[in-house]
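This report concerns only the one structure given below.
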Amino acid sequence: MDTNRITDLVASASALMERFERRTQQIEGSLQSARQQLQELSQHLPETLRRAADTEMQQLRGSVVSAVDAGIGQSVSTYQARLETSGKDVQHASQALMAQIHAARTLYRHLMWKVVGVCLASLALIVLGGGWLSRHYYDEIRRYQLSAQLLKAYDAADVTLCDGRLCANIDPKGDAFGEDDRYRPVRDRQ
């Protein structure tokens, strides 16, 4: 794998992580806002219910007084039925609200676990990719290490090109090497 592709891969992974973090922050902000609205609603609900009940009770009292004054006893039972129905409706609404709050909390927890899981998986991929790259370049360095030593020896030797061929200033007093002692050391460059 060449360096450009690795760099592109790392840049792509980085851009993906940035997009993921931005999206996670947006979702977290939305959830916080929804949570705050639900908390405000749950704080205002008892007061609203009390006011609604007070209003309903005042209307009921006025209706009862006028019905009793008018001699109509039937109205009292109708308003009691309405009051009971209203109470049941309020109870059902508060239970539904509590169920929604519970569902929002569950969703928030579930989403947070997903975010943590994705972050951990991304971190693991980055660590594994870094380990792979380190191993790859370690092997490349070891492979070229012999070539580097040979180039250093060539650079230190007194050699030149003679009509397209390699010429060397050899040391005639040096030890002989190879088959039939054909090779002699090259003198160092002055």
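Ligands are numbered from 1 in the order shown, chains are lettered A, B, ... in the order of the structure tokens, and residues start at 1 in each chain.
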Polymer residues at most 12 Å from range 22-26 of chain A, only C-alpha atoms, same-chain spacing of 5 or more positions, as a PyMOL selection string: chain A and resi 15-17+31-33+108+111-116+118-119
Write a file of the just-selected residues containing all heavy atoms, as a compact mmCIF listing (two decimals), in the first residue's frame.
# COMPACT_ATOMS: atom_id res chain seq x y z
N ALA A 15 -12.02 12.55 8.55
CA ALA A 15 -13.21 13.32 8.15
C ALA A 15 -14.47 12.61 8.62
O ALA A 15 -15.43 13.24 9.09
CB ALA A 15 -13.23 13.50 6.64
N LEU A 16 -14.48 11.28 8.51
CA LEU A 16 -15.64 10.51 8.97
C LEU A 16 -15.85 10.66 10.46
O LEU A 16 -16.97 10.85 10.93
CB LEU A 16 -15.45 9.03 8.61
CG LEU A 16 -16.58 8.08 8.98
CD1 LEU A 16 -17.85 8.47 8.24
CD2 LEU A 16 -16.21 6.65 8.63
N MET A 17 -14.74 10.64 11.21
CA MET A 17 -14.85 10.81 12.67
C MET A 17 -15.36 12.21 13.01
O MET A 17 -16.17 12.38 13.91
CB MET A 17 -13.48 10.58 13.33
CG MET A 17 -13.10 9.12 13.47
SD MET A 17 -14.30 8.17 14.41
CE MET A 17 -14.20 8.96 15.99
N LEU A 31 -31.40 15.83 21.99
CA LEU A 31 -31.90 15.04 23.12
C LEU A 31 -31.93 15.87 24.40
O LEU A 31 -32.87 15.77 25.19
CB LEU A 31 -31.05 13.80 23.32
CG LEU A 31 -31.27 12.68 22.30
CD1 LEU A 31 -30.27 11.56 22.53
CD2 LEU A 31 -32.68 12.15 22.38
N GLN A 32 -30.90 16.70 24.61
CA GLN A 32 -30.87 17.56 25.80
C GLN A 32 -32.05 18.54 25.75
O GLN A 32 -32.71 18.78 26.76
CB GLN A 32 -29.54 18.33 25.88
CG GLN A 32 -28.35 17.46 26.27
CD GLN A 32 -28.46 16.96 27.69
OE1 GLN A 32 -29.18 17.49 28.51
NE2 GLN A 32 -27.75 15.88 27.98
N SER A 33 -32.28 19.12 24.56
CA SER A 33 -33.39 20.06 24.41
C SER A 33 -34.73 19.37 24.68
O SER A 33 -35.57 19.90 25.40
CB SER A 33 -33.37 20.65 23.00
OG SER A 33 -34.48 21.49 22.80
N TYR A 108 -32.24 7.75 24.92
CA TYR A 108 -31.02 8.50 25.19
C TYR A 108 -29.91 7.56 25.65
O TYR A 108 -28.78 7.63 25.15
CB TYR A 108 -31.30 9.57 26.26
CG TYR A 108 -30.09 10.35 26.66
CD1 TYR A 108 -29.56 11.32 25.83
CD2 TYR A 108 -29.48 10.13 27.90
CE1 TYR A 108 -28.45 12.04 26.20
CE2 TYR A 108 -28.36 10.85 28.27
CZ TYR A 108 -27.86 11.81 27.42
OH TYR A 108 -26.76 12.51 27.80
N LEU A 111 -28.77 5.41 22.71
CA LEU A 111 -27.97 6.22 21.78
C LEU A 111 -26.58 6.47 22.33
O LEU A 111 -25.59 6.41 21.59
CB LEU A 111 -28.69 7.55 21.52
CG LEU A 111 -28.28 8.32 20.28
CD1 LEU A 111 -28.50 7.46 19.04
CD2 LEU A 111 -29.09 9.59 20.18
N MET A 112 -26.47 6.73 23.61
CA MET A 112 -25.16 6.96 24.22
C MET A 112 -24.30 5.70 24.12
O MET A 112 -23.11 5.77 23.83
CB MET A 112 -25.31 7.39 25.69
CG MET A 112 -25.77 8.82 25.86
SD MET A 112 -24.74 10.03 25.02
CE MET A 112 -23.21 9.82 25.90
N TRP A 113 -24.89 4.53 24.35
CA TRP A 113 -24.12 3.28 24.23
C TRP A 113 -23.65 3.07 22.79
O TRP A 113 -22.55 2.58 22.56
CB TRP A 113 -24.94 2.09 24.71
CG TRP A 113 -24.92 1.97 26.19
CD1 TRP A 113 -25.96 2.17 27.05
CD2 TRP A 113 -23.79 1.65 27.02
NE1 TRP A 113 -25.56 2.00 28.35
CE2 TRP A 113 -24.22 1.67 28.36
CE3 TRP A 113 -22.47 1.34 26.77
CZ2 TRP A 113 -23.38 1.40 29.42
CZ3 TRP A 113 -21.64 1.07 27.83
CH2 TRP A 113 -22.09 1.10 29.14
N LYS A 114 -24.50 3.42 21.83
CA LYS A 114 -24.10 3.29 20.43
C LYS A 114 -22.93 4.23 20.12
O LYS A 114 -21.98 3.83 19.45
CB LYS A 114 -25.26 3.61 19.49
CG LYS A 114 -26.23 2.48 19.32
CD LYS A 114 -27.27 2.81 18.27
CE LYS A 114 -28.20 1.63 18.05
NZ LYS A 114 -29.20 1.92 17.03
N VAL A 115 -23.02 5.45 20.61
CA VAL A 115 -21.94 6.43 20.37
C VAL A 115 -20.64 5.92 20.99
O VAL A 115 -19.58 5.96 20.36
CB VAL A 115 -22.33 7.81 20.93
CG1 VAL A 115 -21.14 8.75 20.99
CG2 VAL A 115 -23.45 8.43 20.11
N VAL A 116 -20.71 5.41 22.22
CA VAL A 116 -19.51 4.89 22.88
C VAL A 116 -18.96 3.69 22.10
O VAL A 116 -17.75 3.58 21.88
CB VAL A 116 -19.83 4.50 24.35
CG1 VAL A 116 -18.72 3.69 24.96
CG2 VAL A 116 -20.08 5.76 25.17
N VAL A 118 -19.32 3.00 18.86
CA VAL A 118 -18.72 3.45 17.60
C VAL A 118 -17.37 4.10 17.86
O VAL A 118 -16.40 3.90 17.12
CB VAL A 118 -19.68 4.40 16.85
CG1 VAL A 118 -18.98 5.11 15.72
CG2 VAL A 118 -20.88 3.63 16.33
N CYS A 119 -17.27 4.91 18.91
CA CYS A 119 -15.99 5.56 19.25
C CYS A 119 -14.94 4.51 19.59
O CYS A 119 -13.79 4.61 19.13
CB CYS A 119 -16.17 6.53 20.42
SG CYS A 119 -17.05 8.04 19.98
Neighbour list for range 152-154 of chain A as an MDAnalysis selection string, cut-off 12 Å, only C-alpha atoms, skip fewer than 2 positions in-chain: chainID A and resid 145:150 156:160 166:168 185:189
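Of the listed residues A:Ser134, A:Ser122, A:Ser94, A:Gln100, the one whose atoms come nearest to Thr48 in chain A is A:Ser94, with distances taken using only C-alpha atoms.
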For the contact check between range 73-172 of chain A and range 54-62 of chain A, emit one row per residue of range 73-172 of chain A within 12 Å, containing the shortest atom pair and the distance in Å rounded to one decimal, counting only C-alpha atoms, chain then rising number order, as a tab-separated table.
residue	atom	partner	partner_atom	distance
A:Ser75	CA	A:Leu60	CA	9.7
A:Val76	CA	A:Leu60	CA	8.4
A:Ser77	CA	A:Leu60	CA	10.8
A:Thr78	CA	A:Leu60	CA	10.1
A:Tyr79	CA	A:Leu60	CA	6.6
A:Gln80	CA	A:Leu60	CA	8.4
A:Ala81	CA	A:Leu60	CA	11.1
A:Arg82	CA	A:Leu60	CA	9.5
A:Leu83	CA	A:Glu56	CA	7.8
A:Glu84	CA	A:Glu56	CA	11.3
A:Thr85	CA	A:Glu56	CA	11.9
A:Ser86	CA	A:Glu56	CA	9.1
A:Gly87	CA	A:Glu56	CA	10.5
Those same residues, written as an mmCIF file, in the first residue's frame with all heavy atoms?
data_model
loop_
_atom_site.group_PDB
_atom_site.id
_atom_site.type_symbol
_atom_site.label_atom_id
_atom_site.label_comp_id
_atom_site.auth_asym_id
_atom_site.auth_seq_id
_atom_site.Cartn_x
_atom_site.Cartn_y
_atom_site.Cartn_z
ATOM 1 N N SER A 75 -78.548 18.140 36.614
ATOM 2 C CA SER A 75 -77.306 18.790 36.163
ATOM 3 C C SER A 75 -76.131 18.418 37.059
ATOM 4 O O SER A 75 -74.996 18.279 36.583
ATOM 5 C CB SER A 75 -77.465 20.306 36.173
ATOM 6 O OG SER A 75 -78.472 20.696 35.282
ATOM 7 N N VAL A 76 -76.389 18.268 38.355
ATOM 8 C CA VAL A 76 -75.317 17.941 39.288
ATOM 9 C C VAL A 76 -74.703 16.592 38.921
ATOM 10 O O VAL A 76 -73.467 16.442 38.875
ATOM 11 C CB VAL A 76 -75.839 17.945 40.740
ATOM 12 C CG1 VAL A 76 -74.766 17.463 41.703
ATOM 13 C CG2 VAL A 76 -76.314 19.324 41.121
ATOM 14 N N SER A 77 -75.501 15.631 38.643
ATOM 15 C CA SER A 77 -74.971 14.308 38.300
ATOM 16 C C SER A 77 -74.223 14.347 36.956
ATOM 17 O O SER A 77 -73.200 13.667 36.783
ATOM 18 C CB SER A 77 -76.089 13.269 38.264
ATOM 19 O OG SER A 77 -77.034 13.603 37.264
ATOM 20 N N THR A 78 -74.704 15.167 36.016
ATOM 21 C CA THR A 78 -74.021 15.310 34.723
ATOM 22 C C THR A 78 -72.637 15.915 34.918
ATOM 23 O O THR A 78 -71.643 15.439 34.352
ATOM 24 C CB THR A 78 -74.847 16.190 33.766
ATOM 25 O OG1 THR A 78 -76.140 15.621 33.593
ATOM 26 C CG2 THR A 78 -74.163 16.312 32.430
ATOM 27 N N TYR A 79 -72.560 16.959 35.761
ATOM 28 C CA TYR A 79 -71.273 17.602 36.011
ATOM 29 C C TYR A 79 -70.332 16.703 36.808
ATOM 30 O O TYR A 79 -69.114 16.727 36.595
ATOM 31 C CB TYR A 79 -71.456 18.949 36.714
ATOM 32 C CG TYR A 79 -71.907 20.014 35.752
ATOM 33 C CD1 TYR A 79 -73.172 20.556 35.831
ATOM 34 C CD2 TYR A 79 -71.064 20.467 34.752
ATOM 35 C CE1 TYR A 79 -73.584 21.527 34.943
ATOM 36 C CE2 TYR A 79 -71.464 21.438 33.859
ATOM 37 C CZ TYR A 79 -72.734 21.964 33.953
ATOM 38 O OH TYR A 79 -73.138 22.926 33.076
ATOM 39 N N GLN A 80 -70.863 15.890 37.670
ATOM 40 C CA GLN A 80 -70.026 14.936 38.385
ATOM 41 C C GLN A 80 -69.432 13.914 37.409
ATOM 42 O O GLN A 80 -68.253 13.558 37.518
ATOM 43 C CB GLN A 80 -70.832 14.214 39.472
ATOM 44 C CG GLN A 80 -71.026 15.021 40.734
ATOM 45 C CD GLN A 80 -71.825 14.254 41.776
ATOM 46 O OE1 GLN A 80 -72.601 13.361 41.447
ATOM 47 N NE2 GLN A 80 -71.647 14.634 43.025
ATOM 48 N N ALA A 81 -70.262 13.481 36.484
ATOM 49 C CA ALA A 81 -69.769 12.538 35.468
ATOM 50 C C ALA A 81 -68.675 13.196 34.626
ATOM 51 O O ALA A 81 -67.647 12.581 34.310
ATOM 52 C CB ALA A 81 -70.918 12.065 34.582
ATOM 53 N N ARG A 82 -68.904 14.468 34.278
ATOM 54 C CA ARG A 82 -67.885 15.204 33.511
ATOM 55 C C ARG A 82 -66.590 15.334 34.312
ATOM 56 O O ARG A 82 -65.491 15.205 33.773
ATOM 57 C CB ARG A 82 -68.381 16.598 33.151
ATOM 58 C CG ARG A 82 -69.238 16.663 31.952
ATOM 59 C CD ARG A 82 -69.451 18.110 31.589
ATOM 60 N NE ARG A 82 -70.501 18.252 30.614
ATOM 61 C CZ ARG A 82 -71.004 19.395 30.234
ATOM 62 N NH1 ARG A 82 -70.556 20.520 30.792
ATOM 63 N NH2 ARG A 82 -71.930 19.469 29.321
ATOM 64 N N LEU A 83 -66.738 15.641 35.584
ATOM 65 C CA LEU A 83 -65.565 15.795 36.442
ATOM 66 C C LEU A 83 -64.799 14.474 36.547
ATOM 67 O O LEU A 83 -63.571 14.449 36.462
ATOM 68 C CB LEU A 83 -65.980 16.290 37.829
ATOM 69 C CG LEU A 83 -64.839 16.595 38.797
ATOM 70 C CD1 LEU A 83 -63.935 17.672 38.229
ATOM 71 C CD2 LEU A 83 -65.394 17.015 40.133
ATOM 72 N N GLU A 84 -65.517 13.393 36.711
ATOM 73 C CA GLU A 84 -64.859 12.088 36.767
ATOM 74 C C GLU A 84 -64.184 11.760 35.439
ATOM 75 O O GLU A 84 -63.053 11.258 35.404
ATOM 76 C CB GLU A 84 -65.882 11.001 37.120
ATOM 77 C CG GLU A 84 -66.336 11.036 38.567
ATOM 78 C CD GLU A 84 -67.424 10.014 38.852
ATOM 79 O OE1 GLU A 84 -67.667 9.136 37.994
ATOM 80 O OE2 GLU A 84 -68.012 10.090 39.939
ATOM 81 N N THR A 85 -64.865 12.077 34.348
ATOM 82 C CA THR A 85 -64.284 11.848 33.016
ATOM 83 C C THR A 85 -63.034 12.701 32.831
ATOM 84 O O THR A 85 -62.007 12.230 32.327
ATOM 85 C CB THR A 85 -65.315 12.172 31.922
ATOM 86 O OG1 THR A 85 -66.486 11.387 32.125
ATOM 87 C CG2 THR A 85 -64.750 11.871 30.544
ATOM 88 N N SER A 86 -63.118 13.967 33.262
ATOM 89 C CA SER A 86 -61.965 14.863 33.160
ATOM 90 C C SER A 86 -60.808 14.348 34.014
ATOM 91 O O SER A 86 -59.643 14.377 33.592
ATOM 92 C CB SER A 86 -62.332 16.278 33.607
ATOM 93 O OG SER A 86 -63.278 16.838 32.755
ATOM 94 N N GLY A 87 -61.120 13.876 35.200
ATOM 95 C CA GLY A 87 -60.085 13.309 36.069
ATOM 96 C C GLY A 87 -59.420 12.101 35.430
ATOM 97 O O GLY A 87 -58.191 11.950 35.479
#
Close residues, Ile101 in chain A itself excluded, 12 Å, only C-alpha atoms, min 2 positions apart in chain, as a count of residues only: 22
Going by DSSP on the backbone, which residues of chain A come out as strand (DSSP E)? List them as a PDB file with N, CA, C and O atoms, in the first residue's frame.
ATOM      1  N   VAL A 159      36.335   4.880  -6.301  1.00  0.00           N
ATOM      2  CA  VAL A 159      35.896   4.294  -7.565  1.00  0.00           C
ATOM      3  C   VAL A 159      35.403   5.407  -8.468  1.00  0.00           C
ATOM      4  O   VAL A 159      34.978   6.461  -8.003  1.00  0.00           O
ATOM      5  N   THR A 160      35.435   5.140  -9.777  1.00  0.00           N
ATOM      6  CA  THR A 160      34.957   6.117 -10.759  1.00  0.00           C
ATOM      7  C   THR A 160      34.519   5.372 -12.010  1.00  0.00           C
ATOM      8  O   THR A 160      34.742   4.162 -12.122  1.00  0.00           O
ATOM      9  N   LEU A 161      33.936   6.103 -12.956  1.00  0.00           N
ATOM     10  CA  LEU A 161      33.533   5.498 -14.223  1.00  0.00           C
ATOM     11  C   LEU A 161      34.616   5.764 -15.256  1.00  0.00           C
ATOM     12  O   LEU A 161      35.103   6.896 -15.392  1.00  0.00           O
ATOM     13  N   CYS A 162      34.997   4.727 -15.985  1.00  0.00           N
ATOM     14  CA  CYS A 162      35.995   4.828 -17.058  1.00  0.00           C
ATOM     15  C   CYS A 162      35.344   4.300 -18.335  1.00  0.00           C
ATOM     16  O   CYS A 162      35.149   3.095 -18.467  1.00  0.00           O
ATOM     17  N   ARG A 165      32.464   2.063 -17.665  1.00  0.00           N
ATOM     18  CA  ARG A 165      32.735   0.907 -16.813  1.00  0.00           C
ATOM     19  C   ARG A 165      33.240   1.404 -15.471  1.00  0.00           C
ATOM     20  O   ARG A 165      33.798   2.498 -15.360  1.00  0.00           O
ATOM     21  N   LEU A 166      33.104   0.593 -14.451  1.00  0.00           N
ATOM     22  CA  LEU A 166      33.534   0.941 -13.098  1.00  0.00           C
ATOM     23  C   LEU A 166      35.026   0.660 -12.944  1.00  0.00           C
ATOM     24  O   LEU A 166      35.504  -0.434 -13.224  1.00  0.00           O
ATOM     25  N   CYS A 167      35.784   1.692 -12.504  1.00  0.00           N
ATOM     26  CA  CYS A 167      37.210   1.546 -12.251  1.00  0.00           C
ATOM     27  C   CYS A 167      37.448   1.786 -10.770  1.00  0.00           C
ATOM     28  O   CYS A 167      36.786   2.616 -10.156  1.00  0.00           O
ATOM     29  N   ALA A 168      38.406   1.080 -10.192  1.00  0.00           N
ATOM     30  CA  ALA A 168      38.677   1.210  -8.768  1.00  0.00           C
ATOM     31  C   ALA A 168      40.172   1.345  -8.530  1.00  0.00           C
ATOM     32  O   ALA A 168      40.988   0.772  -9.248  1.00  0.00           O
TER      33      ALA A 168
END
DSSP-assigned helix (DSSP H, G or I) among chain A, expressed as a count of residues only: 154
